[in-house]
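Chemist: I'd like to ask some things about the structure below.
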Number of protein chains: 2
Amino acid sequence: MKYVVIGGDAAGMSAASRLKRREPDADVVVYERTGDVSYSACGMPYNIADKDRPIASLVVRSADAFRNAQGIDLHTGHKIEKIDKAAKKIYGKTDAGDDFESSYDKLLIATGASAIRPDVPGADLENVFVLKDLEDSRIIKGYLAENTVEKAVIVGMGYIALEMADALTARGIAVTMVKKREQLLPWMIPELSKVVRKELEAKGVELNPGFPLESVEKTSSGLVVNAGGSRFDCDMVLFAIGVKPESKLAADAGLELGAAGAVSIDKTMRTTDADIFAAGDCADALSIVSGQKVWLPLALTANRGGRLAADNMLDDEQLFNGIAGTGVFKVFDIEVARTGLSVEEAETAGFEPVYKAIVAKSKAHVFPDAAPLHASFIADRASGKILGAQMVGTEGVARRINAAAVALQAGMTLGEFYECDLAYAPPFSPVWDPLLTAASLLMKKTGK
Amino acid sequence: MKYVVIGGDAAGMSAASRLKRREPDADVVVYERTGDVSYSACGMPYNIADKDRPIASLVVRSADAFRNAQGIDLHTGHKIEKIDKAAKKIYGKTDAGDDFESSYDKLLIATGASAIRPDVPGADLENVFVLKDLEDSRIIKGYLAENTVEKAVIVGMGYIALEMADALTARGIAVTMVKKREQLLPWMIPELSKVVRKELEAKGVELNPGFPLESVEKTSSGLVVNAGGSRFDCDMVLFAIGVKPESKLAADAGLELGAAGAVSIDKTMRTTDADIFAAGDCADALSIVSGQKVWLPLALTANRGGRLAADNMLDDEQLFNGIAGTGVFKVFDIEVARTGLSVEEAETAGFEPVYKAIVAKSKAHVFPDAAPLHASFIADRASGKILGAQMVGTEGVARRINAAAVALQAGMTLGEFYECDLAYAPPFSPVWDPLLTAASLLMKKTGK
């Protein structure tokens with residue numbers, strides 16, 4: 001059997017490795033558009049923050065290791081341009097400009113997502129960056145190494161934008177952020193997003209929500225970002241307004257697209273063609289909370305999806321039943337975490353969401369350095385079913401959210417969660433874990 | 001209605017507060033044997049570690065606050081000596097030696113547990129301590145303040161023993177530990193308890209497992225502990241060989257005792273007398289894993305039990321469905337956590353337990369300071385049902401165990417847990433959370 005994988009990052013290489021491990025004699029061929037495979041995209045902002053840390057430290061496994069140790073036929077600099085599903089062939093072009101083609105028995109599309117560049121004048125000027133691929137990291141880091149950058153404007157305020165605000169501040173750069181909507185993190189409960197705002201301001205980041213981007217201009221001294229009628233001078237610009245699934249190849253081949261324009265797949269990771277699978281940031285997924293299709297480009301989903309795609313390509317049926325949508329990030333001294341639906345997403349999915357933000361402590365009161373920990377569940381008023389949870393604080397947030405993620409997987413109500421025997425010891429928690437307190441207080445609105 | 005509570009710590013004061021909050025006109029009377037109410041017993045070793053931190057900082061709420069702000073009729077220094085359940089009366093003696101008595105409509109026994117003093121010669125010598133009550137902390141801390149203590153022997157190696165080894169080391173005291181059994185922490189998977197042993201040895205603690213205590217002697221220069229045929233010189237001795245439920249009062253009244261000699265209660269916290277309830281360290285509980293009665297003196301169980309006892313004393317039926325048995329502690333630089341059954345407990349409960357210890361990282365590999373994290377699930381071979389989990393590491397252990405505790409509450413199999421969407425970001429976790437990796441590897445033994 002010949003298994004072909006398009007895309008050599010998390011989903012693609014997880015699949016290729018598993019295919020080769022489970023069927024050592026199989027032909028496993030991977031075509032990767034860029035020169036990089038299997039790197040930690042999520043680690044890029046942390047790498048950029050530290051001028052002495054080599055970019056190479058982001059690589060999880062080298063292309064040669066995949067080739068030699070695992071026997072995967074891996075081609076970098078090979079861009080696939082067309083899938084002919086009737087003929088079961090793919091066509092592409094190399095970096096050198098040569099055409100190539102390949103047949104397949106089973107095909108996996110793992111083309112990922114790409115950063116959105118806004119369609120405004122000056123968006124393609126020099127010193128105007130995006131951060132999605134390892135190559136983007138090299139470019140940004142190289143630029144910082146060779147130029148004096150005093151001021152940066154970041155457009156957008158999502159995960160990457162905030163992590164990069166932190167990273168650039170660590171490099172001694174004054175950061176100004178601009179974004180379109182008034183709300184800082186629209187998915188966050190207002191009481192919690194206020195904590196993020198305060199932290200950013202305390203660390204000297206200038207926030208401008210409600211300033212839609214108009215254009216970028218080159219001046220004699222650098223760049224100007226025009227947004228919401230104001231001008232923001234700077235030496236560099238980073239667009240971090242989001243990503244979109246790389247699904248054009250699939251769409252052109254006549255495969256169905258699903259949530260947010262991502263490739264539509266079923267629980268076996270199959271597209272609408274029985275021999276073509278998709279996984280990772282280019283594919284959609286089921287929400288275990290709403291049962292509806294969602295598009296959430298998350299690293300664990302990509303790794304898990306690649307693995308499960310491989311199993312199903314080998315005709316060992318293994319189902320990807322869905323994701324909770326768990327995400328955490330660190331910005332300066334605070335940890336931010338969410339799992340499940342936001343209030344808005346819950347409404348859209350047909351629930352009547354209620355929430356109640358609490359402020360607890362990260363550890364027992366007998367520890368003088370116990371820090372405030374802000375938390376809230378989001379639950380359905382009628383059933384008490386947990387729909388999501390959000391937390392912000394300086395410690396104990398990132399790993400604590402996992403308890404809520406497991407509760408979502410189990411379909412628990414607040415009352416059922418409240419019965420959980422969570423860990424207590426003074427250095428780590430109050431006697432009643434903040435999530436238990438959050439569940440208890442929200443039960444006053446749901447009754448269960 | 002007149003509600004009487006015997007015991008003024010976690011369970012007793014939780015109950016009294018809730019009774020008064022829900023029924024402000026009720027008579028709520030608390031009799032506490034010692035002079036202290038509502039303090040953080042779990043915080044005592046940390047307090048002893050710091051000579052400058054006042055004992056008073058362990059008090060959660062003062063007796064006067066309970067009396068004045070909450071209107072609870074609270075009597076300290078009042079020891080109850082007899083319950084007459086037919087007459088619905090209790091009898092006691094004050095510290096001053098005066099007899100007193102009281103009637104009740106509903107009675108809560110929250111007498112806690114007491115430290116076991118071994119029955120060997122010299123066990124009651126001066127400078128031979130136990131640590132259970134706040135008064136014990138005062139005595140130990142007072143002793144350390146007024147005497148030069150260079151060497152201490154701790155008998156026992158449970159939570160308290162280890163926390164105190166850490167605390168006394170922090171005070172500059174050389175610590176020698178002796179215990180009866182060869183195994184360090186008998187409930188721990190050997191691969192994990194080795195990590196604890198290494199940490200203790202690295203921090204200079206001298207470990208002597210397999211040395212049964214024979215006697216304590218006073219010498220001209222201090223004390224000698226005789227154990228396993230060896231002599232251990234020291235200036236002070238701490239017995240930390242365990243605690244036992246304070247259930248004699250209940251037994252003398254004709255109430256049934258349950259697991260480990262604790263007061264037997266049902267899910268409504270009732271003893272075998274319909275008007276007498278019990279909660280906290282003196283009472284037993286149901287294991288949500290085995291469905292069997294267990295005795296686990298844990299702070300959250302005491303607080304939760306007190307609260308639920310109050311609800312049921314008010315005829316609002318609220319069930320305590322059971323506990324997972326989640327415990328965490330910190331010893332020097334490592335965090336140790338468990339939830340659910342140990343391998344031995346699982347066997348006793350009729351399961352066929354399997355486990356597989358893994359070593360993962362506390363955060364993504366791109367962080368040079370990622371630390372080893374040791375974890376294992378314990379599961380039933382035939383069903384794949386999760387029975388317990390254990391973890392050890394320098395970071396990310398204590399709060400991470402909660403995910404496993406929720407899984408136990410939900411009755412998940414390893415395969416169901418493996419589907420959970422746990423949090424990932426490079427500063428906090430590998431892409432596959434260590435618990436997911438642990439579940440995945442153990443599934444090779446269970447198949448589900």
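Letters for chains follow the order of the structure tokens (A, B, ...), residue numbers begin at 1 for each chain, and ligand numbers begin at 1 in the order shown.
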DSSP on the backbone: which residues in region 75-288 of chain A end up as helix (DSSP H, G or I)? Give the answer as a PDB file with C-alpha atoms, in the first residue's frame.
Modeler:
```
ATOM      1  CA  LEU A 134       9.036  28.349  11.374  1.00  0.00           C
ATOM      2  CA  GLU A 135      10.281  30.442   8.446  1.00  0.00           C
ATOM      3  CA  ASP A 136       8.291  33.395   9.839  1.00  0.00           C
ATOM      4  CA  SER A 137      10.167  32.955  13.134  1.00  0.00           C
ATOM      5  CA  ARG A 138      13.490  32.974  11.332  1.00  0.00           C
ATOM      6  CA  ILE A 139      12.558  36.145   9.485  1.00  0.00           C
ATOM      7  CA  ILE A 140      11.361  37.986  12.599  1.00  0.00           C
ATOM      8  CA  LYS A 141      14.260  36.825  14.725  1.00  0.00           C
ATOM      9  CA  GLY A 142      16.753  37.675  12.005  1.00  0.00           C
ATOM     10  CA  TYR A 143      15.225  41.103  11.663  1.00  0.00           C
ATOM     11  CA  LEU A 144      15.441  41.737  15.411  1.00  0.00           C
ATOM     12  CA  ALA A 145      19.059  40.593  15.433  1.00  0.00           C
ATOM     13  CA  GLU A 146      20.121  42.909  12.656  1.00  0.00           C
ATOM     14  CA  TYR A 159      -3.248  34.136  21.752  1.00  0.00           C
ATOM     15  CA  ILE A 160      -0.390  34.768  19.327  1.00  0.00           C
ATOM     16  CA  ALA A 161      -0.731  38.539  19.560  1.00  0.00           C
ATOM     17  CA  LEU A 162      -0.554  38.430  23.350  1.00  0.00           C
ATOM     18  CA  GLU A 163       2.301  35.951  23.467  1.00  0.00           C
ATOM     19  CA  MET A 164       4.206  38.110  20.987  1.00  0.00           C
ATOM     20  CA  ALA A 165       3.482  41.267  23.029  1.00  0.00           C
ATOM     21  CA  ASP A 166       5.160  39.476  25.908  1.00  0.00           C
ATOM     22  CA  ALA A 167       8.043  38.235  23.730  1.00  0.00           C
ATOM     23  CA  LEU A 168       8.780  41.605  22.139  1.00  0.00           C
ATOM     24  CA  THR A 169       8.571  43.357  25.527  1.00  0.00           C
ATOM     25  CA  ALA A 170      11.142  40.838  26.779  1.00  0.00           C
ATOM     26  CA  PRO A 190     -15.707  40.253  31.082  1.00  0.00           C
ATOM     27  CA  GLU A 191     -14.626  39.883  34.734  1.00  0.00           C
ATOM     28  CA  LEU A 192     -11.756  37.672  33.559  1.00  0.00           C
ATOM     29  CA  SER A 193     -10.682  39.607  30.487  1.00  0.00           C
ATOM     30  CA  LYS A 194     -10.304  42.658  32.736  1.00  0.00           C
ATOM     31  CA  VAL A 195      -7.550  40.781  34.577  1.00  0.00           C
ATOM     32  CA  VAL A 196      -5.710  40.220  31.295  1.00  0.00           C
ATOM     33  CA  ARG A 197      -6.090  43.873  30.357  1.00  0.00           C
ATOM     34  CA  LYS A 198      -4.701  45.016  33.708  1.00  0.00           C
ATOM     35  CA  GLU A 199      -1.711  42.728  33.371  1.00  0.00           C
ATOM     36  CA  LEU A 200      -0.890  44.003  29.887  1.00  0.00           C
ATOM     37  CA  GLU A 201      -1.184  47.614  30.990  1.00  0.00           C
ATOM     38  CA  ALA A 202       0.900  46.951  34.106  1.00  0.00           C
ATOM     39  CA  LYS A 248      -8.191  25.256  -1.132  1.00  0.00           C
ATOM     40  CA  LEU A 249      -6.425  22.148  -2.442  1.00  0.00           C
ATOM     41  CA  ALA A 250      -9.217  19.995  -0.991  1.00  0.00           C
ATOM     42  CA  ALA A 251     -11.974  22.276  -2.248  1.00  0.00           C
ATOM     43  CA  ASP A 252     -10.492  22.349  -5.760  1.00  0.00           C
ATOM     44  CA  ALA A 259     -16.914  24.585   9.704  1.00  0.00           C
ATOM     45  CA  ALA A 260     -15.126  27.884   8.945  1.00  0.00           C
ATOM     46  CA  GLY A 261     -14.140  26.639   5.513  1.00  0.00           C
ATOM     47  CA  GLY A 280      -4.888  19.029  11.880  1.00  0.00           C
ATOM     48  CA  ASP A 281      -5.482  22.729  11.372  1.00  0.00           C
ATOM     49  CA  CYS A 282      -6.912  22.268   7.854  1.00  0.00           C
TER      50      CYS A 282
END
```
Chemist: Please identify every residue of chain A that has at least one atom no more than 6 Å from any atom of chain B, counting only C-alpha atoms, and report them as a PyMOL selection string.
Modeler: chain A and resi 43+58+300+323-324+326-329+366+399-400+402-403+406+409+420-423+425-426+431
Chemist: Could those selected residues go to a file with C-alpha atoms, as a PDB file, in the first residue's frame?
Modeler:
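The resulting selection04.pdb:
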```pdb
ATOM      1  CA  GLY A  43       6.931  27.496  21.083  1.00  0.00           C
ATOM      2  CA  LEU A  58      12.082  24.384  18.106  1.00  0.00           C
ATOM      3  CA  LEU A 300      -3.256  18.302  20.535  1.00  0.00           C
ATOM      4  CA  ILE A 323     -12.842  17.987  21.247  1.00  0.00           C
ATOM      5  CA  ALA A 324     -13.693  20.159  24.218  1.00  0.00           C
ATOM      6  CA  THR A 326      -9.122  23.482  25.616  1.00  0.00           C
ATOM      7  CA  GLY A 327      -6.598  26.261  25.297  1.00  0.00           C
ATOM      8  CA  VAL A 328      -4.097  27.855  27.639  1.00  0.00           C
ATOM      9  CA  PHE A 329      -1.523  30.546  27.247  1.00  0.00           C
ATOM     10  CA  VAL A 366      -1.855  30.384  55.458  1.00  0.00           C
ATOM     11  CA  ARG A 399      -3.043  22.520  34.750  1.00  0.00           C
ATOM     12  CA  ARG A 400      -6.125  23.140  36.864  1.00  0.00           C
ATOM     13  CA  ASN A 402      -7.814  19.976  32.902  1.00  0.00           C
ATOM     14  CA  ALA A 403     -10.287  19.008  35.619  1.00  0.00           C
ATOM     15  CA  VAL A 406     -12.431  15.988  31.826  1.00  0.00           C
ATOM     16  CA  GLN A 409     -15.728  14.868  28.284  1.00  0.00           C
ATOM     17  CA  CYS A 420     -15.379  15.597  42.831  1.00  0.00           C
ATOM     18  CA  ASP A 421     -12.647  14.950  45.353  1.00  0.00           C
ATOM     19  CA  LEU A 422     -10.078  17.475  44.177  1.00  0.00           C
ATOM     20  CA  ALA A 423      -6.608  17.780  45.636  1.00  0.00           C
ATOM     21  CA  ALA A 425      -2.603  20.827  50.303  1.00  0.00           C
ATOM     22  CA  PRO A 426      -1.780  24.330  51.544  1.00  0.00           C
ATOM     23  CA  VAL A 431      -9.429  23.332  50.870  1.00  0.00           C
TER      24      VAL A 431
END
```
Chemist: Here is a test: counting only C-alpha atoms, which residue of B:Ala16, B:Val153, B:Ala174, B:Leu435 is nearest to Tyr3 (chain B)?
Modeler: B:Ala16
Chemist: Write out as a count of residues only which residues come within 12 Å of region 98-100 of chain A when counting only C-alpha atoms, dropping same-chain ones fewer than 3 positions away.
Modeler: 16
Chemist: So that I can see what lies close to Val243 (chain B), please list as number ranges by chain the residues with an atom at most 9 Å from it, counting only C-alpha atoms and leaving out residues fewer than 3 positions away in the same chain.
Modeler: B: 113-117, 132, 240, 297
Chemist: Please, what distance in Å, to one decimal, runs between CA of Ile358 (chain A) and CA of Met188 (chain A)?
Modeler: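 It comes out at 13.9 Å.
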Chemist: From the list B:Gly8, B:Pro209, B:Gly447, B:Pro372, which residue is nearest Lys385 (chain B) when using only C-alpha atoms?
Modeler: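 Answer, going by the shortest atom-to-atom distance: B:Gly447.
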Chemist: Hey, what's within 12 Å of Ala86 (chain B) if we count only C-alpha atoms and toss same-chain stuff fewer than 6 positions away? As a PyMOL selection string, please?
Modeler: chain B and resi 103-105+253-255+273-276
Chemist: Next, the residues of the selection above should be written as a PDB file, in the first residue's frame with N, CA and C atoms.
Modeler:
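Just written: selection_25.pdb:
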```pdb
ATOM      1  N   SER B 103     -28.925  19.164  76.454  1.00  0.00           N
ATOM      2  CA  SER B 103     -29.832  18.362  75.626  1.00  0.00           C
ATOM      3  C   SER B 103     -29.578  18.706  74.166  1.00  0.00           C
ATOM      4  N   TYR B 104     -30.118  17.914  73.262  1.00  0.00           N
ATOM      5  CA  TYR B 104     -30.025  18.242  71.833  1.00  0.00           C
ATOM      6  C   TYR B 104     -31.240  17.687  71.110  1.00  0.00           C
ATOM      7  N   ASP B 105     -31.556  18.312  69.992  1.00  0.00           N
ATOM      8  CA  ASP B 105     -32.531  17.701  69.068  1.00  0.00           C
ATOM      9  C   ASP B 105     -31.796  16.893  68.020  1.00  0.00           C
ATOM     10  N   ALA B 253     -21.548   5.140  73.324  1.00  0.00           N
ATOM     11  CA  ALA B 253     -22.983   5.467  73.264  1.00  0.00           C
ATOM     12  C   ALA B 253     -23.762   4.385  72.524  1.00  0.00           C
ATOM     13  N   GLY B 254     -23.078   3.380  72.038  1.00  0.00           N
ATOM     14  CA  GLY B 254     -23.768   2.290  71.352  1.00  0.00           C
ATOM     15  C   GLY B 254     -23.927   2.508  69.864  1.00  0.00           C
ATOM     16  N   LEU B 255     -23.222   3.494  69.317  1.00  0.00           N
ATOM     17  CA  LEU B 255     -23.286   3.713  67.862  1.00  0.00           C
ATOM     18  C   LEU B 255     -22.327   2.740  67.167  1.00  0.00           C
ATOM     19  N   ASP B 273     -27.972   6.053  64.872  1.00  0.00           N
ATOM     20  CA  ASP B 273     -29.065   6.758  65.554  1.00  0.00           C
ATOM     21  C   ASP B 273     -29.530   7.884  64.629  1.00  0.00           C
ATOM     22  N   ALA B 274     -30.828   7.933  64.365  1.00  0.00           N
ATOM     23  CA  ALA B 274     -31.358   8.852  63.344  1.00  0.00           C
ATOM     24  C   ALA B 274     -31.110  10.328  63.664  1.00  0.00           C
ATOM     25  N   ASP B 275     -30.931  10.662  64.943  1.00  0.00           N
ATOM     26  CA  ASP B 275     -30.707  12.057  65.311  1.00  0.00           C
ATOM     27  C   ASP B 275     -29.243  12.392  65.586  1.00  0.00           C
ATOM     28  N   ILE B 276     -28.373  11.416  65.371  1.00  0.00           N
ATOM     29  CA  ILE B 276     -26.947  11.665  65.582  1.00  0.00           C
ATOM     30  C   ILE B 276     -26.181  11.476  64.269  1.00  0.00           C
TER      31      ILE B 276
END
```
Chemist: To one decimal place in Å, what is the distance between CA of Ala227 (chain A) and CA of Lys244 (chain A)?
Modeler: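 Value for the CA of Ala227 (chain A)-CA of Lys244 (chain A) distance: 22.5 Å.
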